$ cat query.cif   # mmCIF, C-alpha atoms, pLDDT in the B column; chains and numbers go by the auth columns
data_structure
loop_
_atom_site.group_PDB
_atom_site.id
_atom_site.type_symbol
_atom_site.label_atom_id
_atom_site.label_comp_id
_atom_site.label_asym_id
_atom_site.label_seq_id
_atom_site.Cartn_x
_atom_site.Cartn_y
_atom_site.Cartn_z
_atom_site.B_iso_or_equiv
_atom_site.auth_seq_id
_atom_site.auth_asym_id
ATOM 1 C CA MET A 1 11.040 14.878 -53.324 96.00 1499 A
ATOM 2 C CA LYS A 2 11.392 18.054 -55.387 97.00 1500 A
ATOM 3 C CA THR A 3 8.369 20.087 -56.421 98.00 1501 A
ATOM 4 C CA GLY A 4 8.170 21.330 -60.004 98.00 1502 A
ATOM 5 C CA ALA A 5 5.799 22.611 -62.684 98.00 1503 A
ATOM 6 C CA GLN A 6 4.467 20.694 -65.675 98.00 1504 A
ATOM 7 C CA LEU A 7 4.713 23.223 -68.519 98.00 1505 A
ATOM 8 C CA TYR A 8 1.616 21.822 -70.229 98.00 1506 A
ATOM 9 C CA THR A 9 -0.238 24.008 -67.728 98.00 1507 A
ATOM 10 C CA VAL A 10 1.149 27.131 -69.427 98.00 1508 A
ATOM 11 C CA ARG A 11 1.428 25.768 -72.976 98.00 1509 A
ATOM 12 C CA ALA A 12 -0.159 28.908 -74.474 98.00 1510 A
ATOM 13 C CA TYR A 13 2.845 30.862 -73.163 98.00 1511 A
ATOM 14 C CA THR A 14 5.707 28.642 -74.387 98.00 1512 A
ATOM 15 C CA GLN A 15 5.303 28.640 -78.174 98.00 1513 A
ATOM 16 C CA SER A 16 8.127 31.061 -78.995 98.00 1514 A
ATOM 17 C CA GLU A 17 11.593 31.319 -77.494 98.00 1515 A
ATOM 18 C CA THR A 18 10.805 34.779 -76.103 98.00 1516 A
ATOM 19 C CA ASP A 19 7.585 33.600 -74.460 98.00 1517 A
ATOM 20 C CA PHE A 20 9.266 30.455 -73.165 98.00 1518 A
ATOM 21 C CA ALA A 21 12.023 32.481 -71.501 98.00 1519 A
ATOM 22 C CA LEU A 22 9.504 34.819 -69.854 98.00 1520 A
ATOM 23 C CA THR A 23 7.423 31.874 -68.664 98.00 1521 A
ATOM 24 C CA ILE A 24 10.395 30.067 -67.122 98.00 1522 A
ATOM 25 C CA SER A 25 11.332 33.300 -65.356 98.00 1523 A
ATOM 26 C CA LYS A 26 7.814 33.626 -63.926 98.00 1524 A
ATOM 27 C CA ILE A 27 7.783 29.995 -62.804 98.00 1525 A
ATOM 28 C CA ALA A 28 11.175 30.381 -61.125 98.00 1526 A
ATOM 29 C CA LYS A 29 9.949 33.481 -59.307 98.00 1527 A
ATOM 30 C CA ILE A 30 7.005 31.496 -57.920 98.00 1528 A
ATOM 31 C CA GLY A 31 9.613 29.175 -56.413 98.00 1529 A
ATOM 32 C CA TYR A 32 9.636 26.109 -58.657 98.00 1530 A
ATOM 33 C CA LYS A 33 13.097 24.621 -59.193 97.00 1531 A
ATOM 34 C CA THR A 34 12.183 21.835 -61.636 98.00 1532 A
ATOM 35 C CA VAL A 35 10.001 21.594 -64.749 98.00 1533 A
ATOM 36 C CA GLN A 36 8.603 19.082 -67.179 98.00 1534 A
ATOM 37 C CA ILE A 37 8.924 20.124 -70.822 98.00 1535 A
ATOM 38 C CA SER A 38 5.640 19.502 -72.627 98.00 1536 A
ATOM 39 C CA ALA A 39 3.811 21.082 -75.579 97.00 1537 A
ATOM 40 C CA ILE A 40 6.345 23.888 -76.081 98.00 1538 A
ATOM 41 C CA GLY A 41 7.049 25.477 -79.458 98.00 1539 A
ATOM 42 C CA ASN A 42 9.837 24.610 -81.876 97.00 1540 A
ATOM 43 C CA ILE A 43 12.757 25.739 -79.716 98.00 1541 A
ATOM 44 C CA ARG A 44 16.192 24.125 -79.986 98.00 1542 A
ATOM 45 C CA PRO A 45 17.030 21.940 -76.975 98.00 1543 A
ATOM 46 C CA GLU A 46 20.252 23.887 -76.478 98.00 1544 A
ATOM 47 C CA ARG A 47 18.272 27.097 -76.003 98.00 1545 A
ATOM 48 C CA VAL A 48 15.711 25.387 -73.765 98.00 1546 A
ATOM 49 C CA ARG A 49 18.543 24.194 -71.527 98.00 1547 A
ATOM 50 C CA GLU A 50 20.283 27.600 -71.527 98.00 1548 A
ATOM 51 C CA ILE A 51 17.093 29.421 -70.549 98.00 1549 A
ATOM 52 C CA CYS A 52 16.293 26.977 -67.765 98.00 1550 A
ATOM 53 C CA ASP A 53 19.863 26.991 -66.456 98.00 1551 A
ATOM 54 C CA ARG A 54 19.844 30.783 -66.377 98.00 1552 A
ATOM 55 C CA GLU A 55 16.784 30.716 -64.097 98.00 1553 A
ATOM 56 C CA GLY A 56 18.121 27.900 -61.920 98.00 1554 A
ATOM 57 C CA VAL A 57 15.453 25.466 -63.124 98.00 1555 A
ATOM 58 C CA GLU A 58 16.201 21.766 -63.746 98.00 1556 A
ATOM 59 C CA ILE A 59 14.484 19.845 -66.561 98.00 1557 A
ATOM 60 C CA VAL A 60 13.451 16.494 -65.111 98.00 1558 A
ATOM 61 C CA LEU A 61 10.879 15.012 -67.507 98.00 1559 A
ATOM 62 C CA THR A 62 9.425 15.523 -70.981 98.00 1560 A
ATOM 63 C CA HIS A 63 6.411 14.488 -72.960 97.00 1561 A
ATOM 64 C CA SER A 64 7.798 13.486 -76.327 97.00 1562 A
ATOM 65 C CA ASP A 65 6.135 12.780 -79.660 97.00 1563 A
ATOM 66 C CA VAL A 66 5.146 9.134 -79.959 97.00 1564 A
ATOM 67 C CA ASN A 67 6.680 8.780 -83.426 97.00 1565 A
ATOM 68 C CA ARG A 68 10.005 10.141 -82.210 97.00 1566 A
ATOM 69 C CA ILE A 69 10.029 7.623 -79.370 98.00 1567 A
ATOM 70 C CA LEU A 70 9.331 4.817 -81.827 98.00 1568 A
ATOM 71 C CA LEU A 71 11.273 5.910 -84.921 97.00 1569 A
ATOM 72 C CA ASP A 72 13.864 8.488 -83.839 98.00 1570 A
ATOM 73 C CA THR A 73 14.966 7.039 -80.515 98.00 1571 A
ATOM 74 C CA LYS A 74 18.692 7.732 -80.757 98.00 1572 A
ATOM 75 C CA ALA A 75 18.233 11.406 -81.661 98.00 1573 A
ATOM 76 C CA LEU A 76 15.637 11.797 -78.915 98.00 1574 A
ATOM 77 C CA ILE A 77 18.065 10.372 -76.383 98.00 1575 A
ATOM 78 C CA ARG A 78 20.758 12.816 -77.562 98.00 1576 A
ATOM 79 C CA GLU A 79 18.331 15.719 -77.139 98.00 1577 A
ATOM 80 C CA HIS A 80 17.599 14.607 -73.583 98.00 1578 A
ATOM 81 C CA ASP A 81 21.346 14.513 -72.938 98.00 1579 A
ATOM 82 C CA ILE A 82 21.428 18.165 -74.003 98.00 1580 A
ATOM 83 C CA LEU A 83 18.471 18.960 -71.747 98.00 1581 A
ATOM 84 C CA GLY A 84 20.116 17.148 -68.837 98.00 1582 A
ATOM 85 C CA CYS A 85 16.918 15.119 -68.520 98.00 1583 A
ATOM 86 C CA LYS A 86 16.731 11.475 -67.429 98.00 1584 A
ATOM 87 C CA TYR A 87 13.035 10.776 -67.961 98.00 1585 A
ATOM 88 C CA ILE A 88 11.494 10.559 -71.454 98.00 1586 A
ATOM 89 C CA GLY A 89 7.729 10.691 -71.234 98.00 1587 A
ATOM 90 C CA LEU A 90 4.864 9.413 -73.367 98.00 1588 A
ATOM 91 C CA GLY A 91 1.847 11.611 -72.653 97.00 1589 A
ATOM 92 C CA CYS A 92 -0.907 9.216 -73.704 97.00 1590 A
ATOM 93 C CA MET A 93 -1.405 5.840 -75.348 97.00 1591 A
ATOM 94 C CA PRO A 94 -2.253 6.341 -79.039 97.00 1592 A
ATOM 95 C CA GLU A 95 -5.879 5.436 -79.713 97.00 1593 A
ATOM 96 C CA ARG A 96 -5.137 2.442 -81.929 96.00 1594 A
ATOM 97 C CA TYR A 97 -3.661 0.486 -79.005 98.00 1595 A
ATOM 98 C CA ARG A 98 -6.563 0.944 -76.558 97.00 1596 A
ATOM 99 C CA THR A 99 -8.524 -2.201 -77.407 96.00 1597 A
ATOM 100 C CA LYS A 100 -8.416 -5.861 -76.456 95.00 1598 A
ATOM 101 C CA GLU A 101 -7.423 -6.693 -80.041 96.00 1599 A
ATOM 102 C CA TRP A 102 -4.471 -4.286 -80.296 97.00 1600 A
ATOM 103 C CA LEU A 103 -3.045 -3.682 -76.815 97.00 1601 A
ATOM 104 C CA HIS A 104 -0.446 -6.385 -77.397 97.00 1602 A
ATOM 105 C CA ARG A 105 0.938 -4.256 -80.241 98.00 1603 A
ATOM 106 C CA PHE A 106 1.813 -1.500 -77.772 98.00 1604 A
ATOM 107 C CA MET A 107 4.161 -3.894 -75.990 97.00 1605 A
ATOM 108 C CA ALA A 108 5.609 -5.109 -79.277 97.00 1606 A
ATOM 109 C CA ASP A 109 6.137 -1.622 -80.709 98.00 1607 A
ATOM 110 C CA PHE A 110 7.571 0.047 -77.611 98.00 1608 A
ATOM 111 C CA ARG A 111 9.710 -2.753 -76.214 97.00 1609 A
ATOM 112 C CA GLU A 112 12.841 -2.017 -78.241 98.00 1610 A
ATOM 113 C CA PRO A 113 12.699 1.795 -77.798 98.00 1611 A
ATOM 114 C CA ALA A 114 12.182 1.241 -74.063 98.00 1612 A
ATOM 115 C CA LYS A 115 15.219 -1.032 -73.922 98.00 1613 A
ATOM 116 C CA GLU A 116 17.328 1.442 -75.924 98.00 1614 A
ATOM 117 C CA ILE A 117 16.310 4.309 -73.638 98.00 1615 A
ATOM 118 C CA ALA A 118 17.120 2.208 -70.571 98.00 1616 A
ATOM 119 C CA ALA A 119 20.516 1.275 -71.999 98.00 1617 A
ATOM 120 C CA SER A 120 21.312 4.987 -72.304 98.00 1618 A
ATOM 121 C CA GLY A 121 20.773 5.451 -68.564 98.00 1619 A
ATOM 122 C CA LYS A 122 17.342 7.034 -68.993 98.00 1620 A
ATOM 123 C CA LEU A 123 13.822 5.737 -68.484 98.00 1621 A
ATOM 124 C CA LEU A 124 10.706 5.774 -70.641 98.00 1622 A
ATOM 125 C CA MET A 125 7.803 7.126 -68.567 98.00 1623 A
ATOM 126 C CA TYR A 126 4.142 6.392 -69.304 98.00 1624 A
ATOM 127 C CA HIS A 127 1.614 9.025 -68.169 98.00 1625 A
ATOM 128 C CA ASN A 128 -1.809 7.683 -67.238 98.00 1626 A
ATOM 129 C CA HIS A 129 -5.249 9.142 -67.817 98.00 1627 A
ATOM 130 C CA ASN A 130 -8.459 7.416 -66.765 98.00 1628 A
ATOM 131 C CA LEU A 131 -8.582 5.239 -69.888 98.00 1629 A
ATOM 132 C CA GLU A 132 -5.850 2.916 -68.544 98.00 1630 A
ATOM 133 C CA PHE A 133 -8.284 1.724 -65.879 98.00 1631 A
ATOM 134 C CA GLU A 134 -10.585 0.111 -68.453 97.00 1632 A
ATOM 135 C CA ALA A 135 -10.596 -3.666 -68.021 96.00 1633 A
ATOM 136 C CA PHE A 136 -10.903 -6.389 -70.649 95.00 1634 A
ATOM 137 C CA GLU A 137 -9.439 -9.733 -71.733 94.00 1635 A
ATOM 138 C CA ALA A 138 -6.620 -8.737 -74.051 94.00 1636 A
ATOM 139 C CA GLU A 139 -5.854 -10.896 -77.042 92.00 1637 A
ATOM 140 C CA ASN A 140 -2.365 -12.306 -77.647 90.00 1638 A
ATOM 141 C CA LEU A 141 -1.131 -11.463 -74.149 88.00 1639 A
ATOM 142 C CA PRO A 142 -0.263 -13.987 -71.437 80.00 1640 A
ATOM 143 C CA ASN A 143 -2.406 -14.147 -68.304 72.00 1641 A
ATOM 144 C CA ALA A 144 -5.185 -12.161 -69.979 66.00 1642 A
ATOM 145 C CA ALA A 145 -8.006 -13.947 -68.146 68.00 1643 A
ATOM 146 C CA PRO A 146 -9.676 -12.895 -65.964 79.00 1644 A
ATOM 147 C CA ARG A 147 -10.072 -9.326 -67.204 89.00 1645 A
ATOM 148 C CA LYS A 148 -7.336 -6.861 -66.287 94.00 1646 A
ATOM 149 C CA ARG A 149 -6.964 -3.117 -66.498 96.00 1647 A
ATOM 150 C CA ILE A 150 -4.856 -1.684 -69.300 97.00 1648 A
ATOM 151 C CA LEU A 151 -2.458 -0.325 -66.683 98.00 1649 A
ATOM 152 C CA GLU A 152 -2.025 -3.799 -65.193 96.00 1650 A
ATOM 153 C CA TYR A 153 -1.142 -5.199 -68.608 96.00 1651 A
ATOM 154 C CA LEU A 154 1.480 -2.445 -69.028 97.00 1652 A
ATOM 155 C CA LEU A 155 3.050 -3.271 -65.687 97.00 1653 A
ATOM 156 C CA GLU A 156 3.271 -6.938 -66.638 95.00 1654 A
ATOM 157 C CA GLY A 157 4.486 -6.181 -70.152 95.00 1655 A
ATOM 158 C CA PHE A 158 7.527 -4.082 -69.223 97.00 1656 A
ATOM 159 C CA ASP A 159 10.253 -4.485 -66.641 97.00 1657 A
ATOM 160 C CA PRO A 160 10.425 -1.610 -64.106 97.00 1658 A
ATOM 161 C CA SER A 161 13.893 -0.788 -65.450 97.00 1659 A
ATOM 162 C CA GLU A 162 12.340 -0.166 -68.892 98.00 1660 A
ATOM 163 C CA LEU A 163 9.050 1.603 -68.122 98.00 1661 A
ATOM 164 C CA GLY A 164 8.117 3.940 -65.313 98.00 1662 A
ATOM 165 C CA ILE A 165 4.694 5.434 -64.635 98.00 1663 A
ATOM 166 C CA THR A 166 4.056 9.162 -64.345 98.00 1664 A
ATOM 167 C CA LEU A 167 1.117 8.758 -61.999 98.00 1665 A
ATOM 168 C CA ASP A 168 -1.520 11.491 -62.381 98.00 1666 A
ATOM 169 C CA THR A 169 -3.583 11.956 -59.227 98.00 1667 A
ATOM 170 C CA TYR A 170 -6.548 13.597 -60.955 98.00 1668 A
ATOM 171 C CA TRP A 171 -6.959 10.933 -63.623 98.00 1669 A
ATOM 172 C CA VAL A 172 -6.718 8.086 -61.109 98.00 1670 A
ATOM 173 C CA ALA A 173 -9.577 9.680 -59.179 98.00 1671 A
ATOM 174 C CA ALA A 174 -11.493 10.369 -62.413 98.00 1672 A
ATOM 175 C CA ALA A 175 -11.347 6.624 -63.118 98.00 1673 A
ATOM 176 C CA GLY A 176 -13.030 5.970 -59.775 97.00 1674 A
ATOM 177 C CA ALA A 177 -9.864 4.421 -58.363 98.00 1675 A
ATOM 178 C CA ASP A 178 -8.174 4.983 -55.003 98.00 1676 A
ATOM 179 C CA VAL A 179 -5.135 7.246 -55.469 98.00 1677 A
ATOM 180 C CA CYS A 180 -3.336 6.059 -52.336 98.00 1678 A
ATOM 181 C CA GLN A 181 -3.942 2.407 -53.220 98.00 1679 A
ATOM 182 C CA TRP A 182 -2.365 2.902 -56.632 98.00 1680 A
ATOM 183 C CA ILE A 183 0.551 4.799 -55.148 98.00 1681 A
ATOM 184 C CA GLU A 184 1.201 1.736 -52.992 98.00 1682 A
ATOM 185 C CA LEU A 185 0.830 -0.638 -55.947 98.00 1683 A
ATOM 186 C CA LEU A 186 3.245 1.441 -58.051 98.00 1684 A
ATOM 187 C CA LYS A 187 5.619 2.455 -55.269 98.00 1685 A
ATOM 188 C CA ASP A 188 8.745 1.278 -57.146 98.00 1686 A
ATOM 189 C CA ARG A 189 7.721 2.664 -60.556 98.00 1687 A
ATOM 190 C CA ILE A 190 6.735 6.320 -59.998 98.00 1688 A
ATOM 191 C CA PRO A 191 9.847 8.552 -59.924 98.00 1689 A
ATOM 192 C CA CYS A 192 7.665 11.353 -61.352 98.00 1690 A
ATOM 193 C CA VAL A 193 4.112 12.150 -60.236 98.00 1691 A
ATOM 194 C CA HIS A 194 1.610 14.707 -61.547 98.00 1692 A
ATOM 195 C CA LEU A 195 -0.240 16.549 -58.812 98.00 1693 A
ATOM 196 C CA LYS A 196 -3.622 18.020 -59.672 98.00 1694 A
ATOM 197 C CA ASP A 197 -6.806 18.280 -57.676 98.00 1695 A
ATOM 198 C CA MET A 198 -10.476 17.827 -58.536 98.00 1696 A
ATOM 199 C CA GLN A 199 -13.395 20.131 -57.804 98.00 1697 A
ATOM 200 C CA VAL A 200 -16.972 19.663 -58.962 96.00 1698 A
ATOM 201 C CA ASN A 201 -19.583 21.977 -60.445 95.00 1699 A
ATOM 202 C CA GLY A 202 -22.867 20.124 -60.277 97.00 1700 A
ATOM 203 C CA PHE A 203 -22.236 16.869 -62.113 96.00 1701 A
ATOM 204 C CA ASN A 204 -19.113 18.207 -63.844 95.00 1702 A
ATOM 205 C CA GLN A 205 -15.557 17.498 -62.713 96.00 1703 A
ATOM 206 C CA LEU A 206 -13.113 20.403 -62.789 97.00 1704 A
ATOM 207 C CA MET A 207 -9.329 20.397 -62.487 98.00 1705 A
ATOM 208 C CA ALA A 208 -8.132 22.514 -59.588 98.00 1706 A
ATOM 209 C CA PRO A 209 -4.928 23.696 -57.908 98.00 1707 A
ATOM 210 C CA VAL A 210 -3.443 21.257 -55.422 98.00 1708 A
ATOM 211 C CA MET A 211 -5.343 21.245 -52.104 98.00 1709 A
ATOM 212 C CA GLU A 212 -8.144 23.396 -53.533 98.00 1710 A
ATOM 213 C CA GLY A 213 -10.370 20.424 -54.409 98.00 1711 A
ATOM 214 C CA ASN A 214 -11.619 17.155 -52.959 98.00 1712 A
ATOM 215 C CA LEU A 215 -8.652 14.795 -53.260 98.00 1713 A
ATOM 216 C CA ASN A 216 -7.092 13.773 -49.960 98.00 1714 A
ATOM 217 C CA PHE A 217 -3.705 15.376 -50.552 98.00 1715 A
ATOM 218 C CA PRO A 218 -2.370 15.002 -46.989 98.00 1716 A
ATOM 219 C CA ALA A 219 -2.796 11.232 -47.399 98.00 1717 A
ATOM 220 C CA ILE A 220 -1.527 11.265 -51.003 98.00 1718 A
ATOM 221 C CA LEU A 221 1.653 13.145 -50.115 98.00 1719 A
ATOM 222 C CA LYS A 222 2.276 10.954 -47.081 98.00 1720 A
ATOM 223 C CA ALA A 223 1.880 7.857 -49.257 98.00 1721 A
ATOM 224 C CA LEU A 224 4.328 9.240 -51.822 98.00 1722 A
ATOM 225 C CA GLU A 225 6.977 9.566 -49.119 98.00 1723 A
ATOM 226 C CA LYS A 226 7.104 5.746 -49.034 98.00 1724 A
ATOM 227 C CA THR A 227 7.800 5.361 -52.761 98.00 1725 A
ATOM 228 C CA ASN A 228 10.652 5.987 -55.196 98.00 1726 A
ATOM 229 C CA CYS A 229 9.089 9.335 -56.183 98.00 1727 A
ATOM 230 C CA GLU A 230 11.724 11.986 -56.888 98.00 1728 A
ATOM 231 C CA TYR A 231 9.668 14.745 -58.507 98.00 1729 A
ATOM 232 C CA LEU A 232 6.249 16.155 -57.682 98.00 1730 A
ATOM 233 C CA LEU A 233 5.100 17.993 -60.807 98.00 1731 A
ATOM 234 C CA VAL A 234 2.130 20.340 -60.514 98.00 1732 A
ATOM 235 C CA GLU A 235 -0.116 20.217 -63.557 98.00 1733 A
ATOM 236 C CA GLN A 236 -3.497 21.708 -64.395 98.00 1734 A
ATOM 237 C CA ASP A 237 -4.624 21.012 -67.950 97.00 1735 A
ATOM 238 C CA VAL A 238 -7.598 23.383 -67.663 97.00 1736 A
ATOM 239 C CA CYS A 239 -7.490 26.402 -65.357 97.00 1737 A
ATOM 240 C CA GLN A 240 -10.283 28.597 -64.073 93.00 1738 A
ATOM 241 C CA GLY A 241 -8.491 31.900 -64.641 95.00 1739 A
ATOM 242 C CA SER A 242 -4.756 32.477 -65.000 98.00 1740 A
ATOM 243 C CA PRO A 243 -2.639 29.300 -65.191 98.00 1741 A
ATOM 244 C CA PHE A 244 0.192 31.207 -63.504 98.00 1742 A
ATOM 245 C CA ASP A 245 -2.113 32.016 -60.586 98.00 1743 A
ATOM 246 C CA CYS A 246 -3.098 28.349 -60.398 98.00 1744 A
ATOM 247 C CA LEU A 247 0.551 27.260 -60.332 98.00 1745 A
ATOM 248 C CA GLN A 248 1.243 29.802 -57.597 98.00 1746 A
ATOM 249 C CA THR A 249 -1.709 28.635 -55.498 98.00 1747 A
ATOM 250 C CA SER A 250 -0.554 25.019 -55.777 98.00 1748 A
ATOM 251 C CA TYR A 251 2.998 25.998 -54.849 98.00 1749 A
ATOM 252 C CA GLU A 252 1.900 28.008 -51.807 98.00 1750 A
ATOM 253 C CA ASN A 253 -0.335 25.170 -50.592 98.00 1751 A
ATOM 254 C CA LEU A 254 2.423 22.601 -51.019 98.00 1752 A
ATOM 255 C CA LYS A 255 4.927 24.900 -49.323 98.00 1753 A
ATOM 256 C CA ALA A 256 2.596 25.358 -46.347 98.00 1754 A
ATOM 257 C CA ALA A 257 2.360 21.563 -46.136 96.00 1755 A
ATOM 258 C CA GLY A 258 6.157 21.232 -46.152 96.00 1756 A
ATOM 259 C CA TYR A 259 6.671 19.963 -49.695 96.00 1757 A
ATOM 260 C CA CYS A 260 8.522 22.909 -51.282 89.00 1758 A
#
$ encode --input "query.cif" --output "structure tokens"
Amino acid sequence: MKTGAQLYTVRAYTQSETDFALTISKIAKIGYKTVQISAIGNIRPERVREICDREGVEIVLTHSDVNRILLDTKALIREHDILGCKYIGLGCMPERYRTKEWLHRFMADFREPAKEIAASGKLLMYHNHNLEFEAFEAENLPNAAPRKRILEYLLEGFDPSELGITLDTYWVAAAGADVCQWIELLKDRIPCVHLKDMQVNGFNQLMAPVMEGNLNFPAILKALEKTNCEYLLVEQDVCQGSPFDCLQTSYENLKAAGYC
């Protein structure tokens, strides 16, 4: 497994080409060799690839606009060819699909783009939050009773060759679920995993650098060794202080544990 950085962590510093180049340089100096492209500014894919190549950083995953996945699939695939990136990510399920009445439309809408992406030699990746652990009886889907979690419906609705899961450790825990259990359940569908930890401040949950919170990362990392995971991507949506410092702390902790 290779350890990388999810650029959403430093999204405030990737909105211009100049800032993006400086940020990639800083991330490379920390030691990261792979990145996920997410929430960057309007920078041509050719320039994104050139900047990353110059710093010796591989682009392994994106989060792409939902409408481009649905309506501009061929061009999106070509852009990922330019980036040298196999995994095309959807960052979150659009709100309209998150109900028992409309979840079946997610399968219907995304099935053909998923197949087209798979035919190109790439894979559509779905990134979970906690909302995918809500359970209900979905309408117009087979085997809907008894109630199932949204994530379970997704797994049944798409073949593993057409939809992978970018498992997010923090959001699994935020849903009250067992991270290691879900790693085992998804062991053949998680080539990319988001690593982030959870601290608490009173009753409030806080995102934290890896191994600086309460998640059992020794067990999580050991469990991931038994899966098809290729890329460990450090992400921290909200940082207490500098996001670069947070990325460095996560990297140093993972390196000390033997994962960098």
$ resolve_selection --input "query.cif" --expression "the PyMOL selection byres ((chain A and resi 1718-1728) around 6)" --output "MDAnalysis selection string"
chainID A and resid 1499 1678 1685:1686 1688:1690 1715:1717 1729
$ atom_distance --input "query.cif" --atom1 "CA of Thr1512 (chain A)" --atom2 "CA of Thr1747 (chain A)"
20.3 Å
$ atom_distance --input "query.cif" --atom1 "CA of Tyr1595 (chain A)" --atom2 "CA of Lys1694 (chain A)"
26.1 Å
$ atom_distance --input "query.cif" --atom1 "CA of Leu1581 (chain A)" --atom2 "CA of Val1533 (chain A)"
11.3 Å
$ resolve_selection --input "query.cif" --expression "the PyMOL selection byres ((chain A and resi 1565) around 12)" --output "short mmCIF file (atom, residue, chain, number, x, y, z; two decimals) with C-alpha atoms, in the frame of the given file"
data_model
loop_
_atom_site.label_atom_id
_atom_site.label_comp_id
_atom_site.auth_asym_id
_atom_site.auth_seq_id
_atom_site.Cartn_x
_atom_site.Cartn_y
_atom_site.Cartn_z
CA HIS A 1561 6.41 14.49 -72.96
CA SER A 1562 7.80 13.49 -76.33
CA ASP A 1563 6.14 12.78 -79.66
CA VAL A 1564 5.15 9.13 -79.96
CA ARG A 1566 10.01 10.14 -82.21
CA ILE A 1567 10.03 7.62 -79.37
CA LEU A 1568 9.33 4.82 -81.83
CA LEU A 1569 11.27 5.91 -84.92
CA ASP A 1570 13.86 8.49 -83.84
CA THR A 1571 14.97 7.04 -80.52
CA ALA A 1573 18.23 11.41 -81.66
CA LEU A 1574 15.64 11.80 -78.92
CA LEU A 1588 4.86 9.41 -73.37
CA MET A 1591 -1.40 5.84 -75.35
CA PRO A 1592 -2.25 6.34 -79.04
CA ASP A 1607 6.14 -1.62 -80.71
CA PHE A 1608 7.57 0.05 -77.61
CA PRO A 1611 12.70 1.80 -77.80
#
$ closest_residue --input "query.cif" --among "A:Asp1666, A:Glu1548, A:Glu1710, A:Glu1599" --to "Asn1628 (chain A)" --atoms "all atoms listed in the file"
A:Asp1666
$ closest_residue --input "query.cif" --among "A:Gln1703, A:Glu1614, A:Ala1503, A:Leu1652" --to "Cys1744 (chain A)" --atoms "all atoms listed in the file"
A:Ala1503
$ closest_residue --input "query.cif" --among "A:Leu1621, A:Ala1606, A:Leu1684, A:Ile1580" --to "Leu1639 (chain A)" --atoms "all atoms listed in the file"
A:Ala1606
$ axis_aligned_box --input "query.cif" --around "region 1751-1754 of chain A" --padding-each-side "5 Å" --output "lines of an AutoDock Vina configuration file"
center_x = 2.3
center_y = 24.0
center_z = -48.7
size_x = 15.3
size_y = 12.8
size_z = 14.7
$ closest_residue --input "query.cif" --among "A:Ile1615, A:Leu1665, A:Ile1538, A:Leu1520" --to "Arg1576 (chain A)" --atoms "all atoms listed in the file"
A:Ile1615
$ closest_residue --input "query.cif" --among "A:Ala1636, A:Leu1713, A:Ile1557, A:Met1705" --to "Gln1734 (chain A)" --atoms "all atoms listed in the file"
A:Met1705
$ closest_residue --input "query.cif" --among "A:Val1555, A:Val1708, A:Val1732, A:Leu1649" --to "Thr1501 (chain A)" --atoms "only C-alpha atoms"
A:Val1732
$ residues_around --input "query.cif" --residues "Thr1664 (chain A)" --least-positions-apart "4" --cutoff "9 Å" --atoms "only C-alpha atoms" --output "PyMOL selection string"
chain A and resi 1587+1589+1623-1626+1687-1692
